[in-house]
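Q: One structure, pasted below without further comment.
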Amino acid sequence: RPGAQEWVPEQAGTDALGEAAHRCRGCELWGPATQVVFSSGPDDADVVLVGEQPGDREDREGEPFVGPAGRVLADALEAAGIGRERVYVTNAVKHFRFTERGKRRLHKTPDVAHVRACLPWLEAEVAAVRPRVVVAMGATAARAVLGRSVRIGEVRGRVLDPPGDAGAAHEAGAVVVTTHPSALLRLRDRSGWDEAFDSLVSDLRTAAQAVV
Ligand code: URA
Ligand code: SF4
């Protein structure tokens with residue numbers, strides 16, 4: 001593969017991968033970002049959770065899901081009864097993509113080319129962890145994990161077979177697609193929020209139960 005491939009060490013564990021990712025120049029996103037944001041969680045996890053890309057807070061702290069979306073995710077995992085020791089958390093794209101508006105840095109969705117460039121990292125992580133299930137949160141993650149574009153509404157909450165070589169999860173036991181937790185942050189009214197949260201929790205439970 002093009003992109004990140006030449007920086008990805010072979011047969012490496014997740015710590016070695018995270019170390020090597022600091023040197024990655026697989027696409028132009030490393031330039032404006034503060035640092036690479038790799039992953040958190042044990043490499044014997046049975047669930048791998050995949051987000052889109054680090055946000056502003058994650059970029060500053062160097063850890064995935066430590067900002068507002070991470071709060072939603074933590075609450076949803078707890079509601080689903082999934083202990084943190086069981087999950088390895090990562091992103092489809094490892095550098096924060098943003099545009100500057102004065103002093104603010106606004107999230108900018110990664111292009112398909114960024115997802116493709118960064119795919120060797122995710123593929124190597126799944127190969128290292130060999131989880132029973134990979135959960136793709138949102139459209140960008142689903143594209144990386146499955147290697148094709150899907151409509152979240154059509155596939156969410158079902159236990160899918162692992163993809164072929166085009167998807168990063170080909171060494172996982174199964175795949176579950178759900179919404180991205182940050183989608184909840186845009187919901188204003190309470191009932192809409194509750195419904196979206198319950199659906200996220202239900203999809204996470206489905207994923208956890210796919211683990212036998
Ligand atoms: N959103 C993501 O997709 N990933 C993070 O790490 C934080 C927010
Ligand atoms: Fe490498 Fe991914 Fe960062 Fe691009 S986004 S430089 S491919 S780690």
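We label chains A, B, ... in the order they appear in the structure tokens, count residues from 1 in each chain, and number ligands from 1 in the order shown.
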Near Trp30 of chain A, within 9 Å and counting only C-alpha atoms, which residues show up once chain neighbours fewer than 4 positions away are dropped, as a count of residues only?

A: 11

Q: Ligand 1: which residues are within 8 Å, counting only C-alpha atoms and all ligand atoms, as a ChimeraX atom specification?

A: /A:37,50-55,57-58,63-70,90-92,137,180-182

Q: Could those selected residues go to a file with N, CA and C atoms, as an mmCIF file, in the first residue's frame?

A:
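As a result, out.cif now contains:
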```cif
data_model
loop_
_atom_site.group_PDB
_atom_site.id
_atom_site.type_symbol
_atom_site.label_atom_id
_atom_site.label_comp_id
_atom_site.auth_asym_id
_atom_site.auth_seq_id
_atom_site.Cartn_x
_atom_site.Cartn_y
_atom_site.Cartn_z
ATOM 1 N N VAL A 37 -1.668 11.055 17.289
ATOM 2 C CA VAL A 37 -2.500 10.493 18.360
ATOM 3 C C VAL A 37 -2.757 9.054 17.962
ATOM 4 N N VAL A 50 -13.057 2.079 16.742
ATOM 5 C CA VAL A 50 -12.397 2.969 15.786
ATOM 6 C C VAL A 50 -13.211 4.237 15.578
ATOM 7 N N GLY A 51 -12.599 5.391 15.836
ATOM 8 C CA GLY A 51 -13.230 6.688 15.583
ATOM 9 C C GLY A 51 -12.744 7.261 14.259
ATOM 10 N N GLU A 52 -12.959 8.548 14.076
ATOM 11 C CA GLU A 52 -12.592 9.186 12.814
ATOM 12 C C GLU A 52 -11.154 9.681 12.820
ATOM 13 N N GLN A 53 -10.882 10.679 13.628
ATOM 14 C CA GLN A 53 -9.558 11.268 13.738
ATOM 15 C C GLN A 53 -9.531 12.009 15.078
ATOM 16 N N PRO A 54 -8.328 12.298 15.606
ATOM 17 C CA PRO A 54 -8.292 13.041 16.868
ATOM 18 C C PRO A 54 -8.909 14.430 16.706
ATOM 19 N N GLY A 55 -9.470 14.953 17.782
ATOM 20 C CA GLY A 55 -9.982 16.321 17.790
ATOM 21 C C GLY A 55 -8.952 17.261 18.401
ATOM 22 N N ARG A 57 -8.614 18.590 21.424
ATOM 23 C CA ARG A 57 -8.070 18.172 22.722
ATOM 24 C C ARG A 57 -7.116 16.994 22.586
ATOM 25 N N GLU A 58 -7.526 16.034 21.762
ATOM 26 C CA GLU A 58 -6.706 14.848 21.557
ATOM 27 C C GLU A 58 -5.357 15.227 20.949
ATOM 28 N N GLU A 63 -3.726 11.724 23.195
ATOM 29 C CA GLU A 63 -4.523 10.541 23.560
ATOM 30 C C GLU A 63 -5.856 10.597 22.820
ATOM 31 N N PRO A 64 -6.333 9.446 22.326
ATOM 32 C CA PRO A 64 -7.639 9.470 21.652
ATOM 33 C C PRO A 64 -8.811 9.598 22.634
ATOM 34 N N PHE A 65 -9.852 10.214 22.180
ATOM 35 C CA PHE A 65 -11.120 10.318 22.924
ATOM 36 C C PHE A 65 -10.959 10.822 24.362
ATOM 37 N N VAL A 66 -10.249 11.919 24.528
ATOM 38 C CA VAL A 66 -10.152 12.558 25.836
ATOM 39 C C VAL A 66 -10.981 13.843 25.898
ATOM 40 N N GLY A 67 -11.585 14.245 24.774
ATOM 41 C CA GLY A 67 -12.405 15.456 24.733
ATOM 42 C C GLY A 67 -13.885 15.135 24.922
ATOM 43 N N PRO A 68 -14.764 16.033 24.458
ATOM 44 C CA PRO A 68 -16.212 15.865 24.640
ATOM 45 C C PRO A 68 -16.762 14.555 24.048
ATOM 46 N N ALA A 69 -16.311 14.164 22.870
ATOM 47 C CA ALA A 69 -16.789 12.902 22.278
ATOM 48 C C ALA A 69 -16.346 11.714 23.129
ATOM 49 N N GLY A 70 -15.187 11.861 23.753
ATOM 50 C CA GLY A 70 -14.687 10.811 24.630
ATOM 51 C C GLY A 70 -15.538 10.628 25.873
ATOM 52 N N THR A 90 -8.946 3.511 19.035
ATOM 53 C CA THR A 90 -8.063 4.142 18.063
ATOM 54 C C THR A 90 -8.888 4.941 17.047
ATOM 55 N N ASN A 91 -8.235 5.486 16.044
ATOM 56 C CA ASN A 91 -8.907 6.279 15.016
ATOM 57 C C ASN A 91 -8.477 5.840 13.619
ATOM 58 N N ALA A 92 -9.345 6.117 12.637
ATOM 59 C CA ALA A 92 -9.022 5.793 11.245
ATOM 60 C C ALA A 92 -7.833 6.618 10.762
ATOM 61 N N MET A 137 -17.074 3.497 14.367
ATOM 62 C CA MET A 137 -17.990 4.550 14.814
ATOM 63 C C MET A 137 -18.027 5.684 13.779
ATOM 64 N N HIS A 180 -21.031 7.830 15.199
ATOM 65 C CA HIS A 180 -19.927 8.427 15.940
ATOM 66 C C HIS A 180 -20.479 9.131 17.186
ATOM 67 N N PRO A 181 -19.818 8.959 18.347
ATOM 68 C CA PRO A 181 -20.341 9.619 19.561
ATOM 69 C C PRO A 181 -20.454 11.142 19.424
ATOM 70 N N SER A 182 -19.629 11.760 18.594
ATOM 71 C CA SER A 182 -19.714 13.221 18.465
ATOM 72 C C SER A 182 -21.007 13.658 17.780
#
```

Q: Residues of chain A in helix (DSSP H, G or I) according to DSSP, as a PyMOL selection string?

A: chain A and resi 3-7+14-21+28-30+56-61+68-79+84-86+112-129+139-146+152-155+182-185+190-209

Q: Which polymer residues have any atom within 6 Å of an atom of segment 121-136 of chain A, counting only C-alpha atoms, with same-chain residues fewer than 4 positions away left out, as a list in words?

A: Gly13, Asp43, Asp44, Asp46, Val47, Val48, Leu49, Val50, Ala141, Ala142, Ala168, Glu171, Ala172, Gly173, Ala174, Val175, Val176, Val177 and Val211 of chain A

Q: Emit the selected residues as a PDB file, in the first residue's frame, including N, CA and C atoms.

A:
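File part_7.pdb, as written:
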```pdb
ATOM      1  N   GLY A  13       3.977  -5.064  17.914  1.00  0.00           N
ATOM      2  CA  GLY A  13       2.895  -4.880  18.873  1.00  0.00           C
ATOM      3  C   GLY A  13       2.412  -3.433  18.833  1.00  0.00           C
ATOM      4  N   ASP A  43      -3.342  -4.424  24.299  1.00  0.00           N
ATOM      5  CA  ASP A  43      -3.302  -5.065  22.981  1.00  0.00           C
ATOM      6  C   ASP A  43      -3.820  -6.503  23.002  1.00  0.00           C
ATOM      7  N   ASP A  44      -4.386  -6.922  24.154  1.00  0.00           N
ATOM      8  CA  ASP A  44      -5.123  -8.191  24.144  1.00  0.00           C
ATOM      9  C   ASP A  44      -6.629  -7.945  24.297  1.00  0.00           C
ATOM     10  N   ASP A  46     -10.557  -7.528  23.531  1.00  0.00           N
ATOM     11  CA  ASP A  46     -11.379  -8.287  22.581  1.00  0.00           C
ATOM     12  C   ASP A  46     -12.289  -7.398  21.735  1.00  0.00           C
ATOM     13  N   VAL A  47     -12.314  -6.108  22.052  1.00  0.00           N
ATOM     14  CA  VAL A  47     -13.061  -5.152  21.232  1.00  0.00           C
ATOM     15  C   VAL A  47     -12.125  -4.022  20.809  1.00  0.00           C
ATOM     16  N   VAL A  48     -12.065  -3.729  19.518  1.00  0.00           N
ATOM     17  CA  VAL A  48     -11.338  -2.554  19.028  1.00  0.00           C
ATOM     18  C   VAL A  48     -12.369  -1.532  18.571  1.00  0.00           C
ATOM     19  N   LEU A  49     -12.296  -0.322  19.138  1.00  0.00           N
ATOM     20  CA  LEU A  49     -13.205   0.770  18.771  1.00  0.00           C
ATOM     21  C   LEU A  49     -12.462   1.744  17.872  1.00  0.00           C
ATOM     22  N   VAL A  50     -13.057   2.079  16.742  1.00  0.00           N
ATOM     23  CA  VAL A  50     -12.397   2.969  15.786  1.00  0.00           C
ATOM     24  C   VAL A  50     -13.211   4.237  15.578  1.00  0.00           C
ATOM     25  N   ALA A 141     -14.805   5.906   9.885  1.00  0.00           N
ATOM     26  CA  ALA A 141     -14.299   4.668  10.465  1.00  0.00           C
ATOM     27  C   ALA A 141     -14.804   3.459   9.687  1.00  0.00           C
ATOM     28  N   ALA A 142     -16.078   3.488   9.301  1.00  0.00           N
ATOM     29  CA  ALA A 142     -16.654   2.357   8.559  1.00  0.00           C
ATOM     30  C   ALA A 142     -15.923   2.159   7.234  1.00  0.00           C
ATOM     31  N   ALA A 168      -9.485  -2.558   6.802  1.00  0.00           N
ATOM     32  CA  ALA A 168      -8.449  -2.742   7.827  1.00  0.00           C
ATOM     33  C   ALA A 168      -8.775  -3.854   8.821  1.00  0.00           C
ATOM     34  N   GLU A 171      -8.468  -9.013   9.772  1.00  0.00           N
ATOM     35  CA  GLU A 171      -8.017 -10.033  10.723  1.00  0.00           C
ATOM     36  C   GLU A 171      -8.849 -10.060  12.007  1.00  0.00           C
ATOM     37  N   ALA A 172      -9.974  -9.357  12.000  1.00  0.00           N
ATOM     38  CA  ALA A 172     -10.877  -9.386  13.159  1.00  0.00           C
ATOM     39  C   ALA A 172     -11.894 -10.512  12.984  1.00  0.00           C
ATOM     40  N   GLY A 173     -12.564 -10.871  14.085  1.00  0.00           N
ATOM     41  CA  GLY A 173     -13.590 -11.906  14.007  1.00  0.00           C
ATOM     42  C   GLY A 173     -14.871 -11.412  13.367  1.00  0.00           C
ATOM     43  N   ALA A 174     -15.220 -10.165  13.623  1.00  0.00           N
ATOM     44  CA  ALA A 174     -16.464  -9.588  13.127  1.00  0.00           C
ATOM     45  C   ALA A 174     -16.369  -8.072  13.177  1.00  0.00           C
ATOM     46  N   VAL A 175     -17.332  -7.411  12.542  1.00  0.00           N
ATOM     47  CA  VAL A 175     -17.391  -5.942  12.532  1.00  0.00           C
ATOM     48  C   VAL A 175     -18.799  -5.496  12.901  1.00  0.00           C
ATOM     49  N   VAL A 176     -18.888  -4.451  13.729  1.00  0.00           N
ATOM     50  CA  VAL A 176     -20.167  -3.791  13.988  1.00  0.00           C
ATOM     51  C   VAL A 176     -19.985  -2.308  13.682  1.00  0.00           C
ATOM     52  N   VAL A 177     -20.931  -1.739  12.947  1.00  0.00           N
ATOM     53  CA  VAL A 177     -20.902  -0.310  12.617  1.00  0.00           C
ATOM     54  C   VAL A 177     -21.915   0.414  13.497  1.00  0.00           C
ATOM     55  N   VAL A 211     -18.838 -11.197  21.159  1.00  0.00           N
ATOM     56  CA  VAL A 211     -17.646 -11.780  21.764  1.00  0.00           C
ATOM     57  C   VAL A 211     -18.065 -12.987  22.587  1.00  0.00           C
TER      58      VAL A 211
END
```

Q: Excluding Gly18 of chain A and its own-chain neighbours fewer than 4 positions away, which residues fall within 8 Å of it when counting only C-alpha atoms? Please give them as a list in words.

A: Thr14, His22, Phe38 and Ser39 of chain A

Q: In terms of the shortest atom-to-atom distance over only C-alpha atoms and all ligand atoms, which of A:Pro120, A:Gly83, A:Gly102, A:Gly62 is closest to ligand 2?

A: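 Answer, going by the shortest atom-to-atom distance: A:Pro120.
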
Q: Which one is closest to ligand 2: A:Leu73, A:Leu187, A:Val112, A:Ala208? Count only C-alpha atoms and all ligand atoms.

A: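 With only C-alpha atoms and all ligand atoms as the atom set, the closest residue is A:Val112.
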
Q: For ligand 2, which residue out of A:Asp161, A:Asp59, A:Glu195, A:Asp15 is the nearest one, using only C-alpha atoms and all ligand atoms?

A: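 Selected residue with least distance to ligand 2: A:Asp59.
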
Q: For atom CA of Ile152 of chain A and atom CA of Ala21 of chain A, quote the distance in Å rounded to one decimal.

A: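 For atom CA of Ile152 of chain A relative to atom CA of Ala21 of chain A, the distance reads 29.1 Å.
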
Q: Between atom CA of Thr109 of chain A and atom CA of Gln5 of chain A, what is the spacing in Å?

A: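 That distance, rounded to one decimal, is 22.0 Å.
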
Q: For Gly157 of chain A, find every residue with an atom within 7 Å (counting only C-alpha atoms), except residues of its own chain fewer than 2 positions away, and show them as a list in words.

A: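 Once the nearby chain positions are removed, what remains is Val155, Val159, Val176, Val177, Thr178, Asp203 and Thr206 of chain A.
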
Q: Quick check for you: according to DSSP on this backbone, which residues of segment 56-209 of chain A are classed as strand (DSSP E or B)? Reply as a list in words.

A: Val87, Tyr88, Val89, Thr90, Asn91, Phe98, Thr99, Glu100, Arg101, Arg104, Arg105, Leu106, His107, Val133, Val134, Val135, Ala136, Met137, Leu160, Ala174, Val175, Val176, Val177 and Thr178 of chain A
